[in-house]
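Remarks on the structure that follows.
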Amino acid sequence: MLQRRQLFQFAGVATVAAAGGAAWMYYGLPRSGALAGGPFRHYPFDPVAAENFQQKLFIPVGSGPFGVLDVAGPLKIRTTAASFPLLPGRESPFLLYQTEQAGKAYQNPILRIESGARFTASLNNALQESTIIHWHGLHTPAAMDGHPASTIGPGGRYEYDFKVSNRGGTYWYHTHAHELTAEQAYHGLASFFLVDDDDQRRLSKSLDLQLGVTDLPLVIQDKQFDAQGKLLYKPDAHEAMMGWLGDIVLANLTPNAVQAVTPRTYRLRLLNGSNARIYRLAFVKGKTTVDFTVIGTDGGLIERPETVSEAFLAPGERLDVLFDAGQAQPGEDIFLRSLAFDAMENEGPAGNMGGMGMGRMMASMSSSRLPLGAEFNVLKLSVTAGERIVAKLPATLSQVKPIPTTGAAQRKIELSMGQMRFLINGRTFRMDEIAFDVKRGAVEIWNISNPTLGMPHPMHIHGFSFQVLERIGSPPQVAATARFGQGRTVSDLGWKDTVLVWPGETVRVAIDFAHDYPGDQIYVFHCHNLEHEDGGMMINFRVQA
C-alpha cells in the first residue's frame with residue numbers, strides 16, 4: 001500500500017491512496033461502469049459486443065490507401081494532412097505519407113523490398129509541424145535511422161539512402177518527431193515495411209500464401225472519437241504520464257472488423273500500432289481458445305513453428321502467426337480477441353486493495369471507456385464453405401544463430417520514475433547527452449529491470465536487433481506462458497527490437513553491435529509507450545568506431 005501511495009505522490013495525487021473518493025472528485029466520474037468494477041456499459045462500435053462486428057476488414061491490395069508498393073527505385077514521400085473515413089460515413093482528420101510509383105498514387109503505402117536491396121527516398125514535410133521517419137527494426141546508419149535530432153521543420157526535406165541489410169520479416173515505419181511522435185503516429189503516420197528473402201518465399205510457396213489474400217498484414221490500434229467521428233487525442237497530465245488509451249479498436253483502420261475465410265491456413269502479420277495499449281491475443285471459438293502457430297517475431301521468422309493458445313503483444317512488437325480456419329465449421333465465427341489480464345499499472349504485488357483495486361482506480365482516471373487489461377474482440381473471422389486445405393508446416397523455418405555471449409560485458413538498464421515521468425538509468429532524454437558508449441563489434445548483455453512499483457514498459461532499441469536470453473521475476477500471467485526456456489515466452493523468440501518488461505521483472509537480452517558504417521553512430525533506446533517516449537523515457541547511446 002505504501003509503495004502504491006509513493007507512485008501516486010509522483011503524480012501529485014497522494015490523497016487518492018488515503019481517500020479513494022478524491023480520485024473521482026479530481027478526475028471526474030468514470031465513463032464506464034467497468035472502470036469502477038461494475039458491469040460494462042456498451043457504446044457504439046465498442047469491441048466487446050460480438051454483434052457489432054459487421055464492417056468488412058480493409059485488406060491492402062494495389063495502389064491507394066495502404067497499397068502494397070514493391071519498391072523499384074527512388075521514392076518521393078510527402079507528409080501531409082488529409083482526411084480519412086475511419087468510422088463508416090464519417091471523415092476524420094488524418095496524417096498521411098503520400099508517394100507515387102509507375103504512375104500510381106499511394107497513401108501510407110506498405111513498402112515491400114528485397115533483402116540486400118538499396119532503399120532511397122526523399123521525405124518532404126508538408127505539415128505545419130516538424131516530423132521525421134524512423135524505419136522501425138531496420139539496421140541503418142544513425143543518420144538514416146530517424147533519430148529525433150534529424151527532425152525537419154515545415155517545408156523541410158530529408159534524404160534517405162541505405163542498404164536493407166535485414167533478413168526477411170515484418171518491419172514498419174512511423175514518425176519519430178521530437179516530442180510529437182505520439183500524436184502524429186496516432187493520427188496516421190505509420191505503415192508496414194515488408195522485407196522479402198528466400199526463407200519468406202519458401203514459406204509462402206509451401207503453404208500457398210498470397211499477400212492480400214491469405215497473407216494479411218494486420219495492424220491493431222485503439223482510438224477515441226468525438227461525436228462527429230473525428231479522431232480525439234487530448235491527454236491530460238495523467239494520460240500523458242501513463243499513456244493514451246482508445247476505446248474503439250481498429251484492425252487495419254477498420255472498427256468492428258470481419259473477414260470471411262475458408263477452411264484453410266492464413267498468415268496474419270500482427271503489428272501492435274497502438275500508442276500504449278498491450279494486447280493478450282488469442283483466437284476464440286465460442287468460449288474456447290483455439291490454438292495458433294507462431295512463425296515469426298520482430299526480426300523475421302523464428303527457427304521452427306511454435307503452437308500456442310495466447311501471446312502478449314506490446315506497442316511496437318510484431319507477431320507473425322498461422323491460423324487454421326478449418327478448426328471451425330462453415331457458418332461458425334472465430335474471434336481474434338484480447339483476453340483479460342492484470343494491467344499492473346502502479347502496482348506493488350497484486351492483492352492489495354482487493355487485488356486490482358488500485359488498477360481500477362487508475363483506469364477511472366482515463367478518458368477511455370475500455371480499461372487496459374479488459375477483454376474485448378479485435379477481429380471476427382467468419383468461416384465460409386470452401387475446399388478444406390490442411391497445411392503441412394515445414395519443420396524448420398529459418399536459421400537463428402545465437403549471439404555468442406562468452407565474455408560479453410554486462411550492462412544494467414534500470415527503469416524508474418521521478419518527477420511525473422519515467423526514466424532510464426535515472427535519466428530523461430536530452431538531445432545532446434550520451435548515456436553510455438559501446439564499442440563497434442562488441443557483444444553486450446543488457447539486464448533491463450523494472451521496479452515492482454511501476455507499470456509495464458515495451459523497450460525498443462534503434463539500429464540493432466537483440467535476442468532475449470532470460471526473463472526473471474515475471475508475474476504469474478507471463479510465467480504461465482513461459483515454456484521456451486529461461487522464462488521466455490513465444491514473443492521472445494528469434495530476433496527482436498522491442499521487448500515488454502513487466503513490473504518486478506528483469507529481462508536479459510544479448511546485443512551484437514557489429515556494423516560496417518564509418519565513424520561513431522548515435523542511436524536511441526526508449527519505451528515504445530509513445531507518451532512515455534515523448535515524455536523523455538529515452539536515452540542516447542553511442543557506438544564508437
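Order determines the names: the first chain of the C-alpha cells is A, the second B, and so forth; residues in each chain are numbered 1 upward, and ligands are numbered 1 upward as they are shown.
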
Need the shell around stretch 122-133 of chain A: protein/DNA/RNA residues with any atom at most 8 Å away, counting only C-alpha atoms. Skip same-chain ones fewer than 5 positions apart. Format as a list of chain:residue names?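 Contacts, with the query itself left out: A:Pro74, A:Leu75, A:Lys76, A:Ile77, A:Arg78, A:Thr79, A:Thr80, A:Ala81, A:Asp145, A:Gly146, A:Pro148, A:Ser150, A:Thr151, A:Ile152, A:Gly153, A:Pro154, A:Gly155, A:Gly156, A:Arg157, A:Tyr158, A:Glu159, A:Tyr160, A:Tyr173, A:His174, A:Thr175, A:His176, A:Ala177, A:His178, A:Leu180.
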
Next, dump the selected residues to file, keeping only N, CA and C atoms, as a compact mmCIF listing (two decimals), in the first residue's frame.
```txt
# COMPACT_ATOMS: atom_id res chain seq x y z
N PRO A 74 13.99 5.08 -56.50
CA PRO A 74 13.86 6.15 -55.50
C PRO A 74 12.42 6.62 -55.37
N LEU A 75 12.03 6.93 -54.13
CA LEU A 75 10.68 7.41 -53.85
C LEU A 75 10.72 8.85 -53.36
N LYS A 76 9.68 9.59 -53.68
CA LYS A 76 9.46 10.90 -53.09
C LYS A 76 8.25 10.77 -52.17
N ILE A 77 8.50 10.92 -50.88
CA ILE A 77 7.44 10.75 -49.87
C ILE A 77 7.08 12.12 -49.31
N ARG A 78 5.82 12.42 -49.33
CA ARG A 78 5.32 13.72 -48.84
C ARG A 78 4.44 13.48 -47.62
N THR A 79 4.77 14.11 -46.52
CA THR A 79 3.97 14.03 -45.31
C THR A 79 2.95 15.16 -45.34
N THR A 80 1.67 14.82 -45.23
CA THR A 80 0.65 15.85 -45.39
C THR A 80 -0.57 15.57 -44.53
N ALA A 81 -1.32 16.61 -44.24
CA ALA A 81 -2.60 16.48 -43.53
C ALA A 81 -3.70 16.21 -44.55
N ASP A 145 18.37 6.61 -39.59
CA ASP A 145 17.50 5.89 -38.65
C ASP A 145 16.26 6.67 -38.24
N GLY A 146 16.27 7.98 -38.38
CA GLY A 146 15.14 8.77 -37.91
C GLY A 146 15.27 9.17 -36.47
N PRO A 148 15.51 11.59 -33.29
CA PRO A 148 14.80 12.86 -33.08
C PRO A 148 15.60 14.09 -33.50
N SER A 150 17.16 14.42 -36.12
CA SER A 150 17.01 14.58 -37.57
C SER A 150 15.69 15.21 -37.96
N THR A 151 14.84 15.50 -36.97
CA THR A 151 13.52 16.08 -37.24
C THR A 151 13.64 17.32 -38.13
N ILE A 152 12.79 17.38 -39.15
CA ILE A 152 12.79 18.52 -40.08
C ILE A 152 11.53 19.36 -39.88
N GLY A 153 11.66 20.65 -40.04
CA GLY A 153 10.55 21.56 -39.85
C GLY A 153 9.63 21.61 -41.05
N PRO A 154 8.53 22.37 -40.94
CA PRO A 154 7.61 22.53 -42.07
C PRO A 154 8.35 23.00 -43.32
N GLY A 155 8.07 22.34 -44.44
CA GLY A 155 8.76 22.67 -45.68
C GLY A 155 10.12 22.04 -45.81
N GLY A 156 10.57 21.33 -44.78
CA GLY A 156 11.89 20.72 -44.80
C GLY A 156 11.95 19.46 -45.64
N ARG A 157 13.16 19.00 -45.85
CA ARG A 157 13.38 17.82 -46.69
C ARG A 157 14.48 16.98 -46.07
N TYR A 158 14.33 15.65 -46.17
CA TYR A 158 15.35 14.75 -45.64
C TYR A 158 15.57 13.63 -46.65
N GLU A 159 16.87 13.30 -46.89
CA GLU A 159 17.21 12.28 -47.87
C GLU A 159 17.62 10.99 -47.16
N TYR A 160 16.97 9.90 -47.55
CA TYR A 160 17.30 8.57 -47.04
C TYR A 160 17.95 7.76 -48.16
N TYR A 173 7.37 1.43 -40.48
CA TYR A 173 7.95 2.78 -40.42
C TYR A 173 6.92 3.72 -39.84
N HIS A 174 7.41 4.72 -39.11
CA HIS A 174 6.49 5.67 -38.46
C HIS A 174 7.25 6.94 -38.10
N THR A 175 6.48 7.95 -37.78
CA THR A 175 7.08 9.21 -37.35
C THR A 175 7.91 9.02 -36.08
N HIS A 176 8.96 9.84 -35.97
CA HIS A 176 9.75 9.88 -34.73
C HIS A 176 10.08 11.33 -34.41
N ALA A 177 9.12 12.21 -34.72
CA ALA A 177 9.32 13.64 -34.49
C ALA A 177 9.54 13.93 -33.01
N HIS A 178 10.48 14.79 -32.72
CA HIS A 178 10.82 15.09 -31.33
C HIS A 178 9.62 15.64 -30.58
N LEU A 180 6.67 14.82 -30.61
CA LEU A 180 5.41 14.81 -31.36
C LEU A 180 5.07 13.42 -31.89
```

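Excluding stretch 184-195 of chain A itself and same-chain residues fewer than 3 positions from it, the residues having an atom within 6 Å of it are A:Phe94, A:Leu95, A:Leu96, A:Asn108, A:Ile110, A:Leu111, A:Arg112, A:Ile113, A:Glu114, A:Ser115, A:Gly168, A:Gly169, A:Thr170, A:Tyr171, A:Trp172, A:Tyr173, A:His174, A:Thr175, A:Thr181, counting only C-alpha atoms.
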
Those same residues, written as a tab-separated table (two decimals), in the first residue's frame with N, CA, C and O atoms?
```tsv
chain	number	residue	atom	x	y	z
A	94	PHE	N	-6.64	13.24	-40.69
A	94	PHE	CA	-5.70	12.13	-40.71
A	94	PHE	C	-4.40	12.62	-41.32
A	94	PHE	O	-4.41	13.52	-42.18
A	95	LEU	N	-3.30	12.05	-40.91
A	95	LEU	CA	-2.00	12.40	-41.48
A	95	LEU	C	-1.53	11.25	-42.37
A	95	LEU	O	-1.69	10.08	-42.02
A	96	LEU	N	-0.93	11.60	-43.50
A	96	LEU	CA	-0.59	10.59	-44.49
A	96	LEU	C	0.83	10.77	-45.03
A	96	LEU	O	1.34	11.89	-45.11
A	108	ASN	N	0.24	6.17	-47.31
A	108	ASN	CA	0.74	5.25	-46.27
A	108	ASN	C	1.00	3.86	-46.86
A	108	ASN	O	0.47	2.85	-46.38
A	110	ILE	N	2.25	0.20	-47.96
A	110	ILE	CA	3.01	-0.92	-47.40
A	110	ILE	C	4.19	-1.12	-48.33
A	110	ILE	O	4.04	-1.57	-49.47
A	111	LEU	N	5.37	-0.74	-47.88
A	111	LEU	CA	6.56	-0.85	-48.71
A	111	LEU	C	7.09	-2.28	-48.65
A	111	LEU	O	7.22	-2.85	-47.57
A	112	ARG	N	7.38	-2.85	-49.81
A	112	ARG	CA	7.93	-4.20	-49.88
A	112	ARG	C	9.21	-4.16	-50.70
A	112	ARG	O	9.23	-3.60	-51.79
A	113	ILE	N	10.26	-4.79	-50.17
A	113	ILE	CA	11.57	-4.69	-50.80
A	113	ILE	C	12.35	-5.97	-50.51
A	113	ILE	O	12.09	-6.67	-49.54
A	114	GLU	N	13.31	-6.25	-51.36
A	114	GLU	CA	14.13	-7.45	-51.21
A	114	GLU	C	15.28	-7.18	-50.23
A	114	GLU	O	15.88	-6.10	-50.23
A	115	SER	N	15.56	-8.16	-49.39
A	115	SER	CA	16.72	-8.06	-48.50
A	115	SER	C	17.98	-7.88	-49.35
A	115	SER	O	18.19	-8.58	-50.34
A	168	GLY	N	14.50	-11.25	-44.12
A	168	GLY	CA	13.09	-11.08	-44.40
A	168	GLY	C	12.27	-10.99	-43.13
A	168	GLY	O	12.57	-11.66	-42.13
A	169	GLY	N	11.23	-10.18	-43.15
A	169	GLY	CA	10.40	-10.03	-41.96
A	169	GLY	C	9.40	-8.91	-42.09
A	169	GLY	O	9.32	-8.21	-43.11
A	170	THR	N	8.62	-8.74	-41.03
A	170	THR	CA	7.59	-7.71	-40.96
A	170	THR	C	8.09	-6.57	-40.11
A	170	THR	O	8.09	-6.63	-38.88
A	171	TYR	N	8.55	-5.52	-40.76
A	171	TYR	CA	9.02	-4.32	-40.08
A	171	TYR	C	7.99	-3.21	-40.33
A	171	TYR	O	6.96	-3.43	-40.96
A	172	TRP	N	8.27	-2.02	-39.84
A	172	TRP	CA	7.34	-0.93	-40.11
A	172	TRP	C	8.05	0.39	-40.05
A	172	TRP	O	9.23	0.46	-39.68
A	173	TYR	N	7.37	1.43	-40.48
A	173	TYR	CA	7.95	2.78	-40.42
A	173	TYR	C	6.92	3.72	-39.84
A	173	TYR	O	5.71	3.56	-40.02
A	174	HIS	N	7.41	4.72	-39.11
A	174	HIS	CA	6.49	5.67	-38.46
A	174	HIS	C	7.25	6.94	-38.10
A	174	HIS	O	8.49	6.98	-38.11
A	175	THR	N	6.48	7.95	-37.78
A	175	THR	CA	7.08	9.21	-37.35
A	175	THR	C	7.91	9.02	-36.08
A	175	THR	O	7.61	8.18	-35.24
A	181	THR	N	5.87	12.42	-31.51
A	181	THR	CA	5.68	11.08	-32.05
A	181	THR	C	4.30	10.53	-31.73
A	181	THR	O	3.60	9.98	-32.60
```

Using only C-alpha atoms, determine which residues lie at most 9 Å from A:Ala435, disregarding the query and same-chain residues fewer than 4 positions distant; provide the list as a VMD selection string. chain A and resid 425 427 539 to 542

Find the residues near stretch 438-443 of chain A: any atom within 6 Å, counting only C-alpha atoms, skip ones fewer than 5 places away on the same chain, and give them as a list in words.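 The contact residues come out as Ala408, Ile511, Asp512, Phe513, Ala514, Val543, Gln544 and Ala545 of chain A.
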
With N, CA, C and O atoms retained, could you export that selection as a CSV table (one decimal), in the first residue's frame?
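Listing of part11.csv after writing:
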```csv
chain,number,residue,atom,x,y,z
A,408,ALA,N,31.0,-11.5,-22.8
A,408,ALA,CA,30.2,-10.3,-23.1
A,408,ALA,C,30.1,-9.4,-21.8
A,408,ALA,O,29.9,-9.9,-20.7
A,511,ILE,N,23.0,-8.3,-27.3
A,511,ILE,CA,23.1,-7.4,-28.5
A,511,ILE,C,24.5,-7.5,-29.1
A,511,ILE,O,25.5,-7.3,-28.4
A,512,ASP,N,24.6,-7.7,-30.4
A,512,ASP,CA,25.8,-7.6,-31.1
A,512,ASP,C,25.9,-6.3,-31.8
A,512,ASP,O,25.1,-6.0,-32.7
A,513,PHE,N,26.9,-5.5,-31.5
A,513,PHE,CA,27.0,-4.1,-32.0
A,513,PHE,C,27.9,-4.1,-33.3
A,513,PHE,O,28.5,-3.0,-33.6
A,514,ALA,N,28.0,-5.1,-34.0
A,514,ALA,CA,28.7,-5.2,-35.2
A,514,ALA,C,28.0,-4.4,-36.3
A,514,ALA,O,26.8,-4.5,-36.4
A,543,VAL,N,27.7,4.2,-30.5
A,543,VAL,CA,28.5,3.0,-30.9
A,543,VAL,C,29.8,3.6,-31.5
A,543,VAL,O,29.8,4.2,-32.5
A,544,GLN,N,30.9,3.5,-30.7
A,544,GLN,CA,32.2,4.1,-31.2
A,544,GLN,C,32.9,3.2,-32.2
A,544,GLN,O,32.9,2.0,-32.1
A,545,ALA,N,33.4,3.9,-33.2
A,545,ALA,CA,34.2,3.2,-34.2
A,545,ALA,C,35.4,2.5,-33.7
A,545,ALA,O,36.0,3.0,-32.7
```

Identify, with DSSP run on backbone atoms, the residues in stretch 69-274 of chain A assigned to strand (DSSP E), and express the list as a PyMOL selection string. chain A and resi 69-70+75-87+90-101+104-107+110-114+118-125+133-136+157-163+169-175+190-196+215-225+231-232+248-251+254-255+257-261+265-272

If we count only C-alpha atoms, what is near stretch 422-424 of chain A at a cut-off of 8 Å, once residues fewer than 4 positions away on the same chain are taken out, given as a PyMOL selection string? chain A and resi 241+413-418+428+532+535-539

C-alpha atoms of the current selection, written as a short mmCIF file (atom, residue, chain, number, x, y, z; two decimals), in the first residue's frame:
```cif
data_model
loop_
_atom_site.label_atom_id
_atom_site.label_comp_id
_atom_site.auth_asym_id
_atom_site.auth_seq_id
_atom_site.Cartn_x
_atom_site.Cartn_y
_atom_site.Cartn_z
CA MET A 241 2.18 10.12 -17.95
CA ILE A 413 19.39 -0.78 -17.59
CA GLU A 414 17.14 0.33 -14.75
CA LEU A 415 13.68 1.72 -15.40
CA SER A 416 12.26 4.03 -12.77
CA MET A 417 10.07 7.05 -12.18
CA GLY A 418 10.58 10.55 -10.82
CA THR A 428 15.36 11.72 -19.02
CA HIS A 532 6.44 7.80 -22.36
CA GLY A 535 7.81 12.46 -22.09
CA GLY A 536 11.52 11.65 -22.09
CA MET A 537 11.76 7.89 -21.39
CA MET A 538 14.56 7.66 -23.91
CA ILE A 539 18.36 7.80 -23.92
#
```

Which one of A:Asp199, A:Asp215, A:Asp342, A:Asp46 sits closest to A:Val61 if you count only C-alpha atoms?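 Going through A:Asp199, A:Asp215, A:Asp342, A:Asp46 one by one, the smallest distance to A:Val61 is for A:Asp215.
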
From the set A:Ala510, A:Met344, A:Met459, A:Leu203, which residue has the shortest atom-to-atom contact distance to A:His526, counting only C-alpha atoms?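 For A:His526, the nearest of the given residues is A:Met459.
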
With distances taken over only C-alpha atoms, which of A:Gly103, A:Gly494, A:Pro315, A:Gly286 is nearest to A:Ile302?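 Closest to A:Ile302, using only C-alpha atoms: A:Gly494.
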
Among the residues A:Leu322, A:Leu69, A:Ile448, A:Ala340, the one that comes closest to A:Leu469 [using only C-alpha atoms]: A:Ile448

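For the pair atom CA of A:Ser63 and atom CA of A:Trp135, the separation is 21.2 Å.
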